[in-house]
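Peer 1: Sharing a structure here in structure tokens format.
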Amino acid sequence: MNKAMLDLWVGFFVAIGLAALLFLAVKVGTMSSLSNADTYVLQARFDNIGGLKVRSPVKSAGVVVGRVSDIRFDPENYVALVSMQVDDRYQFPKDTSATINTQGLLGEQYVGFDPGGDTQMLKPGDSIRLTQSAVVLEKLISQFLFNKAAEEPATTKK
Amino acid sequence: MPSEPLIQLKDVSFSYGPRPILQGINMTIPRGKVVAIMGISGGGKTTTLRLIGGQLRPTRGEVRVAGHSVPDLDAPGLYALRRRMGMLFQFGALFTDMSVFDNVAFPLREHADLSETLVRDLVTMKLNAVGLRGAHAMMPSELSGGMARRVALARAIALDPMLVMYDEPFAGLDPIALSVVGRLIRTLNDALGASSIIVTHDVHESLKIVDYVYIVAEGRIVAEGTAEDIRGSAAPYVHQFVWGERDGPVPFQYPSAPYREQILREPSRAH
Amino acid sequence: MLTKLAAGLRLLGRSVTDRLWRLGFASRFLLATLLYSGMALRRFGLTIREIYFTGVLSLIIILVSGLFVGMVLGLQGYDTLQRFGSASALGTLVALSLVRELGPVVAALLFASRAGSAITAEIGLMKATEQLSAMEMMAVNPIARVVAPRFWAGVVSMPLLAALFSAMGIFGGYLVGVQLIGVDDGIFWSQMRSSVDFGDDIVNGVIKSAVFGVIVSWIAVFEGYDCEPTAEGVSGATTRTVVTSSLAILAADFMLTAFMFRGA
């Protein structure tokens with residue numbers, strides 16, 4: 001094998017290898033572009049975050065507008081303090097409410113923003129006042145069973 | 001100091017762990033001469049070459065090459081010294097993934113920053129010297145044993161060394177290749193003005209070309225002298241070695257228990 | 001009884017110390033390889049040549065295996081996912097398993113048996129035929145001239161091969177999932193894109209494959225350089241390269257995975 005041929009093959013190999021990496025980066029994965037400088041931080045306190053995780057999406061009207069950047073426990077108020085990085089392009093009114101929703105019945109959990117009607121916008125670092133915690137399925141089920149059980153005697157009396 | 005011999009071994013001993021290979025060897029190799037180190041296989045001949053080349057360190061004694069004490073050289077010093085040595089390995093040790101041309105060009109390309117045209121000229125000259133100019137494009141696997149040996153010889157002399165060492169240059173060659181290689185060793189040595197050491201057990205071919213002979217057995221030098229001295233020696237070991245006698249100081253039987261005793265022993269104990 | 005026990009313990013102790021000694025020797029060898037890498041990088045032609053032998057010649061096996069692994073993932077993944085009514089997550093399943101695990105690991109295992117064994121056999125044969133000694137006598141350091149270029153070629157080739165394996169596997173999953181079974185084209189890709197993260201999944205996969213590349217190349221050159229210079233020695237060393245690197249890859253994979261994807 002002469003040198004020119006060898007160089008050609010190795011060049012070909014490296015080129016398609018890099019192309020495969022590029023394919024993985026662009027076509028298969030999403031660059032975490034939201035982690036760049038063009039975001040601002042909002043905070044929200046929840047009584048219960050359920051299965052929410054760091055990097056879970058933040059959505060408004062179903063569109064991803066940011067990601068959860070940090071979750072910690074607030075030892076003073078005994079609630080969860082969730083920090084979110086929100087895309088700079090989107091502003092939300094001060095009375096926006098944050099809800100922890102579930103995608104499908106058992107799917108991933110995400111933070112949903114419901115914008116209110118305030119004319120003033122949330123500024124970077126602000127906290128969202130109106131929050132609604134995650135629906136914990138087990139609680140829901142036990143509540144349902146409990147209600148059923150409470151209803152039972154009433155029906156039998158009749 | 002032209003009077004100083006090229007290589008001097010003074011009282012050199014070497015052992016692999018507890019097993020002694022060389023015991024108190026004294027050897028002098030003058031400039032411009034072809035010297036043979038002979039002896040039966042496993043007698044420490046190749047070890048002597050490796051000591052001179054600095055691949056091994058003696059456990060005791062002094063190895064001096066061209067005024068340097070080889071065991072005391074650091075890695076750059078040793079490499080600098082090795083550039084002035086050529087070595088022909090037992091079966092040539094050609095680089096199997098390179099053509100004949102690239103094999104001979106290897107030391108030139110590694111050590112001398114020469115232009116490709118100059119390399120080509122030098123390689124062609126060396127290949128011409130061993131009579132294989134026409135084989136430059138062949139791969140080592142296509143060469144016969146004798147040709148491979150000659151290519152390796154061309155490679156060993158590529159940098160015009162002051163010393164060429166041959167490790168069993170005649171092993172496994174047909175009679176024609178044998179005498180070709182033998183002649184080459186002599187003519188190249190004289191043409192280059194180098195010194196040569198031949199490690200071999202091929203007595204007759206080497207006696208034809210060498211100036212001086214050391215015979216090594218069991219780690220010691222048992223005889224030395226010119227080719228004539230050796231041929232005419234009456235010492236029993238030398239006589240047996242030179243004339244290839246079956247029995248003598250080197251016994252036919254490997255040291256063992258007496259035959260009778262071993263054969264009559266119970267089979268369970270005989271391993 | 002007691003003497004037998006003592007003998008057994010002695011045997012165990014010896015095998016442990018032997019192994020530790022060998023590991024220490026291998027570490028020093030790696031250090032020397034890195035130290036003498038100057039030539040492999042300065043005369044890059046040497047390394048390019050070895051990339052041809054380790055990388056280019058491994059292409060076929062990597063591409064074909066990747067395609068088939070991806071196709072199997074497509075079939076099996078669809079079969080499992082559709083029971084839960086989430087066949088739309090097929091793209092995610094195929095991409096995540098390939099990019100995080102199967103790509104780096106299977107490519108490294110194939111690389112060890114294709115290129116690693118070849119490197120060991122080649123260096124071992126060079127040793128057995130005194131080519132390494134000859135080089136040393138020509139004042140050329142065999143670690144710099146022979147070992148380091150092969151080592152770096154392996155390190156460079158491995159991540160590229162793993163990426164090719166993953167890409168080919170995703171294509172295979174796409175062929176089976178979308179073209180054959182009929183999962184929606186758009187959903188396949190968009191689900192994949194929304195749940196495969198560049199930093200967490202792809203970069204970590206590349207890091208994994210780079211680590212595997214170092215491990216396999218290291219073991220391969222060491223086994224070759226350290227082998228008994230005989231025919232049996234070379235064949236034994238070749239086998240050891242494949243066995244040791246496979247075990248090392250899987251063990252390292254566990255550790256890397258534990259570090260990278262912990263809790264995420």
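Labels for the structure tokens follow display order: chains A, B, ..., residues from 1 in each chain, ligands from 1.
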So that I can check the secondary structure, give me every residue of range 10-184 of chain C assigned alpha helix (DSSP H) by backbone DSSP, as a ChimeraX atom specification.
Peer 2: /C:10-35,38-42,44-54,59-81,90-96,103-111,117-128,131-137,142,148-174
Peer 1: List every residue of range 61-100 of chain A that has an atom at most 7 Å from any atom of range 122-141 of chain A, and for each one report the closest atom pair and its distance in Å to one decimal, counting only C-alpha atoms, with rows sorted by chain and then by increasing residue number, as a Markdown table.
Peer 2:
```
| residue | atom | partner | partner_atom | distance |
| --- | --- | --- | --- | --- |
| A:Gln91 | CA | A:Leu122 | CA | 6.9 |
| A:Phe92 | CA | A:Leu122 | CA | 5.8 |
| A:Pro93 | CA | A:Leu122 | CA | 5.7 |
| A:Lys94 | CA | A:Leu122 | CA | 5.0 |
| A:Thr96 | CA | A:Ile128 | CA | 6.9 |
| A:Ser97 | CA | A:Leu130 | CA | 4.6 |
| A:Ala98 | CA | A:Thr131 | CA | 4.7 |
| A:Thr99 | CA | A:Gln132 | CA | 4.7 |
| A:Ile100 | CA | A:Ala134 | CA | 4.8 |
```
Peer 1: With only C-alpha atoms as the atoms that count, which of C:Ala128, C:Ala139, C:Ala108, C:Val99 lies nearest to chain B?
Peer 2: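 Using only C-alpha atoms, chain B sits closest to C:Ala139.
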Peer 1: Looking at only C-alpha atoms, which of A:Val10, A:Leu52, A:Leu21, A:Met84 is the one that sits closest to Leu59 in chain C?
Peer 2: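 Answer, going by the shortest atom-to-atom distance: A:Val10.
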Peer 1: Compile the residues of chain B that lie within 8 Å of chain C, evaluated using only C-alpha atoms, and express the compilation as a PyMOL selection string.
Peer 2: chain B and resi 53+78-80+82-83+85-89+91+93-95+107+110
Peer 1: If we count only C-alpha atoms, what is near range 223-233 of chain C at a cut-off of 6 Å, once residues fewer than 4 positions away on the same chain are taken out, given as an mmCIF file with all heavy atoms, in the first residue's frame?
Peer 2:
```
data_model
loop_
_atom_site.group_PDB
_atom_site.id
_atom_site.type_symbol
_atom_site.label_atom_id
_atom_site.label_comp_id
_atom_site.auth_asym_id
_atom_site.auth_seq_id
_atom_site.Cartn_x
_atom_site.Cartn_y
_atom_site.Cartn_z
ATOM 1 N N THR C 120 -1.130 -6.646 19.238
ATOM 2 C CA THR C 120 -0.328 -7.537 20.089
ATOM 3 C C THR C 120 0.465 -8.518 19.242
ATOM 4 O O THR C 120 1.671 -8.708 19.458
ATOM 5 C CB THR C 120 -1.240 -8.319 21.039
ATOM 6 O OG1 THR C 120 -2.026 -7.411 21.779
ATOM 7 C CG2 THR C 120 -0.429 -9.172 21.989
ATOM 8 N N ILE C 123 3.417 -6.691 17.374
ATOM 9 C CA ILE C 123 4.549 -6.326 18.228
ATOM 10 C C ILE C 123 5.224 -7.588 18.759
ATOM 11 O O ILE C 123 6.454 -7.674 18.824
ATOM 12 C CB ILE C 123 4.099 -5.406 19.379
ATOM 13 C CG1 ILE C 123 3.541 -4.107 18.807
ATOM 14 C CG2 ILE C 123 5.256 -5.104 20.317
ATOM 15 C CD1 ILE C 123 3.088 -3.119 19.841
ATOM 16 N N GLY C 124 4.408 -8.586 19.123
ATOM 17 C CA GLY C 124 4.974 -9.831 19.629
ATOM 18 C C GLY C 124 5.858 -10.504 18.597
ATOM 19 O O GLY C 124 6.955 -10.977 18.905
ATOM 20 N N LYS C 127 9.055 -8.809 18.236
ATOM 21 C CA LYS C 127 9.954 -9.158 19.324
ATOM 22 C C LYS C 127 10.550 -10.543 19.090
ATOM 23 O O LYS C 127 11.750 -10.742 19.233
ATOM 24 C CB LYS C 127 9.184 -9.131 20.646
ATOM 25 C CG LYS C 127 10.078 -9.334 21.847
ATOM 26 C CD LYS C 127 9.280 -9.240 23.129
ATOM 27 C CE LYS C 127 10.197 -9.429 24.320
ATOM 28 N NZ LYS C 127 9.462 -9.399 25.576
ATOM 29 N N ALA C 128 9.699 -11.484 18.688
ATOM 30 C CA ALA C 128 10.164 -12.856 18.514
ATOM 31 C C ALA C 128 11.197 -12.955 17.401
ATOM 32 O O ALA C 128 12.111 -13.772 17.461
ATOM 33 C CB ALA C 128 8.980 -13.768 18.219
ATOM 34 N N ILE C 219 -3.432 -2.165 26.784
ATOM 35 C CA ILE C 219 -3.292 -3.610 27.007
ATOM 36 C C ILE C 219 -2.654 -4.264 25.785
ATOM 37 O O ILE C 219 -1.758 -5.103 25.906
ATOM 38 C CB ILE C 219 -4.667 -4.231 27.316
ATOM 39 C CG1 ILE C 219 -5.150 -3.749 28.683
ATOM 40 C CG2 ILE C 219 -4.585 -5.753 27.300
ATOM 41 C CD1 ILE C 219 -6.542 -4.189 29.053
ATOM 42 N N ALA C 237 -0.259 -14.254 24.216
ATOM 43 C CA ALA C 237 -0.406 -12.816 24.471
ATOM 44 C C ALA C 237 -1.604 -12.259 23.710
ATOM 45 O O ALA C 237 -2.346 -11.425 24.226
ATOM 46 C CB ALA C 237 0.862 -12.080 24.065
#
```
Peer 1: According to DSSP computed on the backbone, where in range 9-82 of chain A is there strand (DSSP E)? Give the residues as a PyMOL selection string.
Peer 2: chain A and resi 39-46+57-60+63-74+79-82
Peer 1: Which residues of chain C have any atom within 10 Å of an atom in chain A when counting only C-alpha atoms, and what is the closest pair of atoms for each, with the distance in Å to one decimal? Order the rows by chain and rising number and write it as JSON lines.
Peer 2:
```
{"residue": "C:Gly45", "atom": "CA", "partner": "A:Asp7", "partner_atom": "CA", "distance": 8.6}
{"residue": "C:Ile48", "atom": "CA", "partner": "A:Val10", "partner_atom": "CA", "distance": 6.8}
{"residue": "C:Arg49", "atom": "CA", "partner": "A:Leu6", "partner_atom": "CA", "distance": 6.8}
{"residue": "C:Glu50", "atom": "CA", "partner": "A:Val10", "partner_atom": "CA", "distance": 9.3}
{"residue": "C:Ile51", "atom": "CA", "partner": "A:Val10", "partner_atom": "CA", "distance": 6.6}
{"residue": "C:Tyr52", "atom": "CA", "partner": "A:Val10", "partner_atom": "CA", "distance": 5.5}
{"residue": "C:Phe53", "atom": "CA", "partner": "A:Val10", "partner_atom": "CA", "distance": 9.2}
{"residue": "C:Gly55", "atom": "CA", "partner": "A:Phe13", "partner_atom": "CA", "distance": 7.3}
{"residue": "C:Val56", "atom": "CA", "partner": "A:Phe13", "partner_atom": "CA", "distance": 5.9}
{"residue": "C:Leu57", "atom": "CA", "partner": "A:Phe13", "partner_atom": "CA", "distance": 9.6}
{"residue": "C:Leu59", "atom": "CA", "partner": "A:Phe13", "partner_atom": "CA", "distance": 7.9}
{"residue": "C:Gly91", "atom": "CA", "partner": "A:Val28", "partner_atom": "CA", "distance": 9.0}
{"residue": "C:Thr92", "atom": "CA", "partner": "A:Val28", "partner_atom": "CA", "distance": 9.0}
{"residue": "C:Ala95", "atom": "CA", "partner": "A:Val28", "partner_atom": "CA", "distance": 7.2}
{"residue": "C:Leu96", "atom": "CA", "partner": "A:Val28", "partner_atom": "CA", "distance": 9.3}
{"residue": "C:Val99", "atom": "CA", "partner": "A:Leu24", "partner_atom": "CA", "distance": 8.2}
{"residue": "C:Val156", "atom": "CA", "partner": "A:Val14", "partner_atom": "CA", "distance": 9.1}
{"residue": "C:Ser157", "atom": "CA", "partner": "A:Val14", "partner_atom": "CA", "distance": 8.1}
{"residue": "C:Met158", "atom": "CA", "partner": "A:Gly17", "partner_atom": "CA", "distance": 9.8}
{"residue": "C:Pro159", "atom": "CA", "partner": "A:Gly17", "partner_atom": "CA", "distance": 8.2}
{"residue": "C:Leu160", "atom": "CA", "partner": "A:Gly17", "partner_atom": "CA", "distance": 4.5}
{"residue": "C:Leu161", "atom": "CA", "partner": "A:Gly17", "partner_atom": "CA", "distance": 6.5}
{"residue": "C:Ala162", "atom": "CA", "partner": "A:Gly17", "partner_atom": "CA", "distance": 8.5}
{"residue": "C:Ala163", "atom": "CA", "partner": "A:Leu21", "partner_atom": "CA", "distance": 5.5}
{"residue": "C:Leu164", "atom": "CA", "partner": "A:Ala20", "partner_atom": "CA", "distance": 5.3}
{"residue": "C:Phe165", "atom": "CA", "partner": "A:Ala20", "partner_atom": "CA", "distance": 8.6}
{"residue": "C:Ser166", "atom": "CA", "partner": "A:Leu24", "partner_atom": "CA", "distance": 8.0}
{"residue": "C:Ala167", "atom": "CA", "partner": "A:Ala20", "partner_atom": "CA", "distance": 5.7}
{"residue": "C:Met168", "atom": "CA", "partner": "A:Ala20", "partner_atom": "CA", "distance": 8.3}
{"residue": "C:Ile170", "atom": "CA", "partner": "A:Val28", "partner_atom": "CA", "distance": 8.7}
{"residue": "C:Trp189", "atom": "CA", "partner": "A:Val28", "partner_atom": "CA", "distance": 7.3}
{"residue": "C:Ser190", "atom": "CA", "partner": "A:Val28", "partner_atom": "CA", "distance": 8.6}
{"residue": "C:Gln191", "atom": "CA", "partner": "A:Val28", "partner_atom": "CA", "distance": 9.4}
{"residue": "C:Met192", "atom": "CA", "partner": "A:Val28", "partner_atom": "CA", "distance": 6.1}
{"residue": "C:Arg193", "atom": "CA", "partner": "A:Gly29", "partner_atom": "CA", "distance": 4.9}
{"residue": "C:Ser194", "atom": "CA", "partner": "A:Thr30", "partner_atom": "CA", "distance": 6.7}
{"residue": "C:Ser195", "atom": "CA", "partner": "A:Gly29", "partner_atom": "CA", "distance": 7.5}
{"residue": "C:Val196", "atom": "CA", "partner": "A:Gly29", "partner_atom": "CA", "distance": 4.7}
{"residue": "C:Asp197", "atom": "CA", "partner": "A:Gly29", "partner_atom": "CA", "distance": 5.1}
{"residue": "C:Phe198", "atom": "CA", "partner": "A:Gly29", "partner_atom": "CA", "distance": 5.0}
{"residue": "C:Gly199", "atom": "CA", "partner": "A:Ser32", "partner_atom": "CA", "distance": 7.0}
{"residue": "C:Asp200", "atom": "CA", "partner": "A:Ser32", "partner_atom": "CA", "distance": 9.3}
{"residue": "C:Asp201", "atom": "CA", "partner": "A:Gly29", "partner_atom": "CA", "distance": 8.0}
{"residue": "C:Ile202", "atom": "CA", "partner": "A:Ala25", "partner_atom": "CA", "distance": 7.0}
{"residue": "C:Val203", "atom": "CA", "partner": "A:Ala25", "partner_atom": "CA", "distance": 8.8}
{"residue": "C:Val206", "atom": "CA", "partner": "A:Leu21", "partner_atom": "CA", "distance": 8.8}
{"residue": "C:Gly263", "atom": "CA", "partner": "A:Lys53", "partner_atom": "CA", "distance": 9.0}
{"residue": "C:Ala264", "atom": "CA", "partner": "A:Val54", "partner_atom": "CA", "distance": 7.6}
```
Peer 1: Counting only C-alpha atoms, which residues of chain B come no farther than 12 Å from chain A, as a PyMOL selection string?
Peer 2: chain B and resi 97-99
Peer 1: Hey, can you spit out that residue selection with C-alpha atoms as an mmCIF file, in the first residue's frame?
Peer 2:
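So out01.cif came out as:
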```cif
data_model
loop_
_atom_site.group_PDB
_atom_site.id
_atom_site.type_symbol
_atom_site.label_atom_id
_atom_site.label_comp_id
_atom_site.auth_asym_id
_atom_site.auth_seq_id
_atom_site.Cartn_x
_atom_site.Cartn_y
_atom_site.Cartn_z
ATOM 1 C CA ASP B 97 6.366 -4.558 7.092
ATOM 2 C CA MET B 98 8.896 -2.648 4.972
ATOM 3 C CA SER B 99 10.412 -3.269 1.583
#
```
Peer 1: Compare B:Thr187, B:Leu153, B:Thr28, B:Lys208 by their minimum atom-to-atom distance to Leu132 in chain B, counting only C-alpha atoms, and give me the closest one.
Peer 2: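 So, comparing all the options, the nearest one is B:Leu153.
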Peer 1: List the spatial neighbours of Leu51 in chain B as a PyMOL selection string - criterion: any atom at most 9 Å away, only C-alpha atoms, same-chain residues fewer than 4 positions off excluded.
Peer 2: chain B and resi 14+46-47+55-58+63+70-71
Peer 1: Those residues with N, CA, C and O atoms, as a short mmCIF file (atom, residue, chain, number, x, y, z; two decimals), in the first residue's frame please?
Peer 2:
```cif
data_model
loop_
_atom_site.label_atom_id
_atom_site.label_comp_id
_atom_site.auth_asym_id
_atom_site.auth_seq_id
_atom_site.Cartn_x
_atom_site.Cartn_y
_atom_site.Cartn_z
N PHE B 14 28.92 -12.30 33.87
CA PHE B 14 27.50 -11.97 33.73
C PHE B 14 26.69 -13.17 34.14
O PHE B 14 27.04 -14.31 33.83
N THR B 46 26.45 -14.98 22.33
CA THR B 46 25.53 -13.88 22.03
C THR B 46 25.48 -12.91 23.19
O THR B 46 25.38 -11.69 23.00
N THR B 47 25.59 -13.44 24.41
CA THR B 47 25.62 -12.57 25.59
C THR B 47 26.78 -11.58 25.49
O THR B 47 26.63 -10.40 25.82
N GLN B 55 23.12 -3.83 25.55
CA GLN B 55 21.76 -4.31 25.83
C GLN B 55 21.72 -5.03 27.16
O GLN B 55 20.66 -5.21 27.74
N LEU B 56 22.90 -5.49 27.63
CA LEU B 56 23.00 -6.11 28.95
C LEU B 56 24.13 -5.41 29.69
O LEU B 56 25.04 -4.86 29.09
N ARG B 57 24.06 -5.46 31.02
CA ARG B 57 25.14 -4.91 31.84
C ARG B 57 25.86 -6.06 32.49
O ARG B 57 25.24 -6.97 33.01
N PRO B 58 27.19 -6.01 32.50
CA PRO B 58 27.91 -7.09 33.17
C PRO B 58 27.69 -7.02 34.68
O PRO B 58 27.49 -5.93 35.23
N VAL B 63 33.62 -3.18 30.34
CA VAL B 63 33.41 -3.28 28.89
C VAL B 63 33.71 -1.91 28.31
O VAL B 63 33.00 -0.95 28.59
N VAL B 70 30.96 1.07 28.51
CA VAL B 70 29.57 0.89 28.07
C VAL B 70 28.57 0.83 29.23
O VAL B 70 27.53 1.48 29.17
N PRO B 71 28.83 0.07 30.30
CA PRO B 71 27.81 -0.01 31.36
C PRO B 71 27.56 1.32 32.04
O PRO B 71 26.50 1.52 32.63
#
```
Peer 1: So that I can check the surroundings of Val183 in chain C, please list as a CSV table (one decimal) with C-alpha atoms, in the first residue's frame every protein, DNA and RNA residue that reaches within 9 Å of it, counting only C-alpha atoms and ignoring chain neighbours fewer than 6 positions away.
Peer 2:
```csv
chain,number,residue,atom,x,y,z
C,78,TYR,CA,-40.8,-1.9,19.3
C,87,ALA,CA,-44.0,2.9,20.4
C,88,SER,CA,-43.4,6.5,19.8
C,90,LEU,CA,-38.7,3.9,19.9
C,174,TYR,CA,-34.7,3.8,11.8
C,177,GLY,CA,-38.7,1.0,13.2
```
Peer 1: Within 9 Å of Val151 in chain B, counting only C-alpha atoms, which residues show up once you throw out same-chain ones fewer than 3 positions away? Write them as a ChimeraX atom specification, please.
Peer 2: /B:92,94,100-101,103-104,126-127,130,132,140,146-148,154-156
Peer 1: Between C:Ser235, C:Thr244, C:Ser217, C:Ser65, which one has atoms that come closest to Ala148 in chain C, using only C-alpha atoms?
Peer 2: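 Ranked by minimum distance to Ala148 in chain C, first place goes to C:Ser217.
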Peer 1: How many Å lie between CA of Ala112 in chain C and CA of Thr241 in chain C, rounded to one decimal?
Peer 2: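 Rounded to one decimal, the two atoms are 7.5 Å apart.
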